Amino acid sequence: MSGESLIEAYGLTRRFGDTLAVDSLDLKIHDGEVFGFIGPNGAGKTTTVRMLCCLIAPTAGTAYIDGLDVSRSEEALMIRERIGLLPEVPGLYESLSAYHNLDFYAQLYDVPRKVRKERIESLLRKLDMWDRRDDLVGKFSKGMKQKITIARALVHEPDYLFLDEPTSGLDPEASLTVRNYLLDLKREGRTIFLNTHNLDDAARLCDRVGIMKTNLLAVGSPKELTNMFWGHTTIVDLRHISPDMPEAIRSIPGITSVRQEGRSLHVDVTSPEDINPTIVKTLTSMKGEIISMFELKRGLEDVYLRLMGRDNR
Ligand SMILES: Nc1ncnc2c1ncn2[C@@H]1O[C@H](COP(=O)(O)OP(=O)(O)OP(=O)(O)O)[C@@H](O)[C@H]1O
Ligand SMILES: [Mg+2]
């Protein structure tokens with residue numbers, strides 16, 4: 001693997017007739033980074049990946065993989081050697097066995113015979129498909145085909161891996177196998193571009209996430225994205241709330257807002273460690289009985305829904 005792998009896009013744009021699928025995308029993905037791309041159906045995720053993998057040409061803008069320009073055909077050939085792609089639709093040879101599909105593909109990449117054999121065995125074992133190696137792919141279920149396609153994307157040991165919804169349609173166990181495998185690849189320091197609708201996967205696997213809807217709406221680590229929209233919120237459940245309590249809490253320095261919901265106070269605080277004890281003292285001094293107190297956890301789903309114009313809570 002090269003030490004300086006990098007995916008860059010500058011004003012990357014793609015139209016299909018009147019449809020603007022991807023609009024002026026600027027993006028930089030670093031060596032060893034796992035980057036997640038999330039967004040609704042039709043957001044332009046697959047189109048982006050297809051442009052980065054030199055399968056379709058951009059309408060405007062440019063993208064580089066390792067400094068090689070995706071729009072130049074002679075450089076595109078060099079890019080193809082460095083990338084592995086799990087496309088949205090597998091496209092395997094149904095009349096070949098799992099093993100032969102992988103062997104055929106590895107031969108296209110000039111992987112030496114002995115290395116091919118070892119690599120295919122190791123990939124199929126990791127993906128729990130070794131026992132099915134001699135079965136025809138045409139007889140496989142969707143999830144089994146998906147695993148073979150993942151193995152195919154890796155058989156030439158690419159520096160960059162593009163995965164378009166790798167866990168979609170997999171049963172929970174298969175999805176766990178694939179997710180754990182992706183974690184192994186992440187540990188190996190592989191650069192991964194992951195399109196997904198699974199926000200838990202995105203939060204767990206990705207160093208940074210981009211939220212896409214034709215335009216890139218936001219980008220950052222899952223934590224940065226949640227902090228971008230919300231600070232910390234402490235929720236205090238009380239036995240009774242007297243009318244003067246919210247006002248008393250609001251006057252504590254470091255508190256930005258207080259909302260009452262039933263017998264709970266939702267308090268936005270700058271720093272929970274410093275301010276929560278003062279909240280307790282203030283409420284106790286007003287004869288408030290605190291039943292529980294916890295921090296409202298927000299995740300990628302909340303960020304996503306807010307950006308799509310729908311608040312979760
Ligand atoms: N080959 C094509 N011809 C015409 N329009 C296309 C083509 N491919 C994609 N589009 C359009 O481009 C837009 C983006 O599609 P794309 O497949 O990139 O979305 P996506 O984010 O991958 O969606 P999903 O989550 O459903 O996979 C859509 O409006 C789609 O109809
Ligand atoms: Mg897609």
# chains A, B, ... in the order shown; residues from 1 in each chain; ligands from 1
>>> residues_around(residues="range 37-49 of chain A", least_positions_apart="5", cutoff="6 Å", atoms="only C-alpha atoms", output="PyMOL selection string")
chain A and resi 21-22+194-196+209-214
>>> select_by_dssp(residues="range 65-241 of chain A", states="alpha helix (DSSP H)", output="JSON, numbers by chain")
{"A": [73, 74, 75, 76, 77, 78, 79, 80, 81, 82, 98, 99, 100, 101, 102, 103, 104, 105, 106, 107, 108, 113, 114, 115, 116, 117, 118, 119, 120, 121, 122, 123, 124, 125, 126, 142, 143, 144, 145, 146, 147, 148, 149, 150, 151, 152, 153, 154, 172, 173, 174, 175, 176, 177, 178, 179, 180, 181, 182, 183, 184, 185, 186, 187, 199, 200, 201, 202, 203, 204, 205, 222, 223, 224, 225, 226, 227, 228, 229]}
>>> select_by_dssp(residues="range 44-215 of chain A", states="strand (DSSP E)", output="PyMOL selection string")
chain A and resi 60-65+68-69+83-86+160-164+191-195+208-213+215
>>> write_last_selection(atoms="N, CA and C atoms", output="compact mmCIF listing (two decimals), in the first residue's frame")
# COMPACT_ATOMS: atom_id res chain seq x y z
N ALA A 60 -18.85 18.25 -14.81
CA ALA A 60 -17.95 19.38 -14.53
C ALA A 60 -17.13 19.02 -13.30
N GLY A 61 -16.05 19.76 -13.10
CA GLY A 61 -15.20 19.52 -11.94
C GLY A 61 -14.24 18.38 -12.18
N THR A 62 -13.43 18.09 -11.16
CA THR A 62 -12.43 17.04 -11.32
C THR A 62 -12.33 16.24 -10.03
N ALA A 63 -11.73 15.07 -10.16
CA ALA A 63 -11.43 14.27 -8.96
C ALA A 63 -10.11 13.56 -9.21
N TYR A 64 -9.39 13.36 -8.13
CA TYR A 64 -8.10 12.69 -8.22
C TYR A 64 -8.05 11.56 -7.21
N ILE A 65 -7.44 10.47 -7.62
CA ILE A 65 -7.14 9.38 -6.71
C ILE A 65 -5.62 9.26 -6.74
N LEU A 68 -4.02 11.06 -9.41
CA LEU A 68 -4.33 10.70 -10.80
C LEU A 68 -5.75 11.19 -11.14
N ASP A 69 -5.88 11.77 -12.30
CA ASP A 69 -7.12 12.42 -12.70
C ASP A 69 -8.12 11.39 -13.25
N ILE A 83 -7.93 0.61 -6.96
CA ILE A 83 -9.21 0.64 -6.26
C ILE A 83 -9.93 -0.70 -6.32
N GLY A 84 -10.72 -0.92 -5.28
CA GLY A 84 -11.62 -2.06 -5.28
C GLY A 84 -13.02 -1.49 -5.10
N LEU A 85 -13.99 -2.04 -5.83
CA LEU A 85 -15.35 -1.49 -5.75
C LEU A 85 -16.36 -2.59 -5.47
N LEU A 86 -17.18 -2.33 -4.47
CA LEU A 86 -18.38 -3.14 -4.29
C LEU A 86 -19.51 -2.30 -4.85
N TYR A 160 -7.48 1.56 -2.12
CA TYR A 160 -8.75 2.26 -1.86
C TYR A 160 -9.90 1.30 -2.08
N LEU A 161 -10.81 1.34 -1.13
CA LEU A 161 -11.96 0.47 -1.25
C LEU A 161 -13.22 1.32 -1.27
N PHE A 162 -14.02 1.15 -2.31
CA PHE A 162 -15.30 1.85 -2.41
C PHE A 162 -16.41 0.83 -2.21
N LEU A 163 -17.22 1.05 -1.19
CA LEU A 163 -18.27 0.08 -0.89
C LEU A 163 -19.62 0.77 -0.95
N ASP A 164 -20.44 0.35 -1.90
CA ASP A 164 -21.75 0.97 -2.04
C ASP A 164 -22.78 0.09 -1.33
N THR A 191 -7.87 2.72 3.12
CA THR A 191 -8.73 3.88 2.91
C THR A 191 -10.06 3.38 2.34
N ILE A 192 -11.13 3.71 3.03
CA ILE A 192 -12.44 3.15 2.64
C ILE A 192 -13.47 4.27 2.46
N PHE A 193 -14.17 4.20 1.35
CA PHE A 193 -15.28 5.11 1.06
C PHE A 193 -16.54 4.27 1.11
N LEU A 194 -17.41 4.59 2.06
CA LEU A 194 -18.54 3.72 2.35
C LEU A 194 -19.86 4.45 2.16
N ASN A 195 -20.64 4.02 1.18
CA ASN A 195 -22.02 4.54 1.06
C ASN A 195 -22.90 3.68 1.92
N ARG A 208 -14.91 9.93 9.51
CA ARG A 208 -15.70 11.10 9.16
C ARG A 208 -16.88 10.65 8.31
N VAL A 209 -17.92 11.48 8.38
CA VAL A 209 -19.13 11.18 7.64
C VAL A 209 -19.53 12.42 6.85
N GLY A 210 -19.96 12.22 5.62
CA GLY A 210 -20.49 13.32 4.82
C GLY A 210 -21.97 13.09 4.63
N ILE A 211 -22.76 14.13 4.84
CA ILE A 211 -24.21 14.00 4.63
C ILE A 211 -24.54 14.69 3.31
N MET A 212 -25.10 13.89 2.41
CA MET A 212 -25.23 14.29 1.01
C MET A 212 -26.69 14.38 0.61
N LYS A 213 -27.02 15.40 -0.15
CA LYS A 213 -28.33 15.48 -0.83
C LYS A 213 -28.10 16.38 -2.04
N ASN A 215 -26.00 18.17 -2.89
CA ASN A 215 -24.86 18.92 -2.35
C ASN A 215 -24.38 18.22 -1.09
>>> closest_residue(among="A:Thr233, A:Ser73, A:Ser168, A:Ser271", to="Leu296 in chain A", atoms="only C-alpha atoms")
A:Thr233
>>> atom_distance(atom1="atom 22 (O, counted along the ligand's line) of ligand 1", atom2="CA of Gly143 in chain A")
19.1 Å
>>> closest_residue(among="A:Asp237, A:Asp134, A:Asp184, A:Glu165", to="ligand 1", atoms="only C-alpha atoms and all ligand atoms")
A:Glu165
>>> closest_residue(among="A:Cys54, A:Ile241, A:Leu127, A:Leu183", to="Asp207 in chain A", atoms="only C-alpha atoms")
A:Leu183
>>> residues_around(residues="Ser141 in chain A", least_positions_apart="2", cutoff="12 Å", atoms="only C-alpha atoms", output="PyMOL selection string")
chain A and resi 90+94+132+135-139+143-148+169-171+174
>>> atom_distance(atom1="CA of Leu307 in chain A", atom2="CA of Leu12 in chain A")
21.5 Å
>>> atom_distance(atom1="CA of Val303 in chain A", atom2="CA of Asp201 in chain A")
14.9 Å
>>> residues_around(residues="Ser292 in chain A", least_positions_apart="3", cutoff="12 Å", atoms="only C-alpha atoms", output="list in words")
Thr234, Ile235, Val236, Asp237, Leu238, Arg239, Arg263, Ser264, Leu265, Val280, Gly288, Glu289 and Glu295 of chain A
>>> closest_residue(among="A:Lys287, A:Ser242, A:Glu157, A:Arg259", to="Glu188 in chain A", atoms="only C-alpha atoms")
A:Glu157
>>> closest_residue(among="A:His156, A:Lys223, A:His266, A:Arg310", to="Asp110 in chain A", atoms="only C-alpha atoms")
A:His156
>>> closest_residue(among="A:Pro166, A:Gly309, A:Gly67, A:Pro158", to="ligand 2", atoms="only C-alpha atoms and all ligand atoms")
A:Pro166
>>> residues_around(residues="Asp103 in chain A", least_positions_apart="2", cutoff="10 Å", atoms="only C-alpha atoms", output="MDAnalysis selection string")
chainID A and resid 97:101 105:109 111 113 116:117 119:120 152 155
>>> write_last_selection(atoms="N, CA and C atoms", output="mmCIF file, in the first residue's frame")
data_model
loop_
_atom_site.group_PDB
_atom_site.id
_atom_site.type_symbol
_atom_site.label_atom_id
_atom_site.label_comp_id
_atom_site.auth_asym_id
_atom_site.auth_seq_id
_atom_site.Cartn_x
_atom_site.Cartn_y
_atom_site.Cartn_z
ATOM 1 N N SER A 97 -18.382 -20.729 -10.330
ATOM 2 C CA SER A 97 -18.413 -20.936 -8.878
ATOM 3 C C SER A 97 -17.889 -19.671 -8.195
ATOM 4 N N ALA A 98 -18.106 -19.620 -6.869
ATOM 5 C CA ALA A 98 -17.603 -18.495 -6.077
ATOM 6 C C ALA A 98 -16.092 -18.369 -6.292
ATOM 7 N N TYR A 99 -15.412 -19.527 -6.194
ATOM 8 C CA TYR A 99 -13.953 -19.528 -6.322
ATOM 9 C C TYR A 99 -13.528 -19.007 -7.688
ATOM 10 N N HIS A 100 -14.174 -19.498 -8.736
ATOM 11 C CA HIS A 100 -13.767 -19.109 -10.091
ATOM 12 C C HIS A 100 -14.076 -17.657 -10.415
ATOM 13 N N ASN A 101 -15.152 -17.138 -9.830
ATOM 14 C CA ASN A 101 -15.416 -15.711 -9.996
ATOM 15 C C ASN A 101 -14.228 -14.900 -9.484
ATOM 16 N N TYR A 105 -11.280 -12.758 -11.666
ATOM 17 C CA TYR A 105 -11.060 -11.340 -11.423
ATOM 18 C C TYR A 105 -9.599 -11.061 -11.040
ATOM 19 N N ALA A 106 -9.054 -11.933 -10.192
ATOM 20 C CA ALA A 106 -7.660 -11.757 -9.760
ATOM 21 C C ALA A 106 -6.707 -11.899 -10.957
ATOM 22 N N GLN A 107 -7.060 -12.786 -11.872
ATOM 23 C CA GLN A 107 -6.226 -12.938 -13.078
ATOM 24 C C GLN A 107 -6.220 -11.667 -13.909
ATOM 25 N N LEU A 108 -7.387 -11.014 -13.976
ATOM 26 C CA LEU A 108 -7.461 -9.749 -14.723
ATOM 27 C C LEU A 108 -6.466 -8.728 -14.167
ATOM 28 N N TYR A 109 -6.233 -8.840 -12.869
ATOM 29 C CA TYR A 109 -5.302 -7.914 -12.218
ATOM 30 C C TYR A 109 -3.887 -8.482 -12.127
ATOM 31 N N VAL A 111 -2.684 -11.025 -10.649
ATOM 32 C CA VAL A 111 -2.225 -11.543 -9.356
ATOM 33 C C VAL A 111 -1.628 -12.935 -9.623
ATOM 34 N N ARG A 113 -0.498 -16.798 -9.578
ATOM 35 C CA ARG A 113 -1.326 -17.959 -9.267
ATOM 36 C C ARG A 113 -1.324 -18.349 -7.784
ATOM 37 N N ARG A 116 -2.938 -15.777 -5.630
ATOM 38 C CA ARG A 116 -4.397 -15.811 -5.854
ATOM 39 C C ARG A 116 -5.042 -16.845 -4.952
ATOM 40 N N LYS A 117 -4.424 -18.021 -4.972
ATOM 41 C CA LYS A 117 -4.983 -19.146 -4.234
ATOM 42 C C LYS A 117 -5.078 -18.823 -2.733
ATOM 43 N N ARG A 119 -4.940 -15.874 -1.269
ATOM 44 C CA ARG A 119 -5.793 -14.727 -0.971
ATOM 45 C C ARG A 119 -7.273 -15.099 -1.028
ATOM 46 N N ILE A 120 -7.629 -15.861 -2.056
ATOM 47 C CA ILE A 120 -9.043 -16.225 -2.204
ATOM 48 C C ILE A 120 -9.486 -17.074 -1.016
ATOM 49 N N ARG A 152 -14.383 -9.995 -4.029
ATOM 50 C CA ARG A 152 -13.897 -9.610 -5.354
ATOM 51 C C ARG A 152 -13.251 -8.217 -5.320
ATOM 52 N N VAL A 155 -9.599 -8.705 -3.880
ATOM 53 C CA VAL A 155 -8.718 -9.797 -4.276
ATOM 54 C C VAL A 155 -7.381 -9.298 -4.861
#
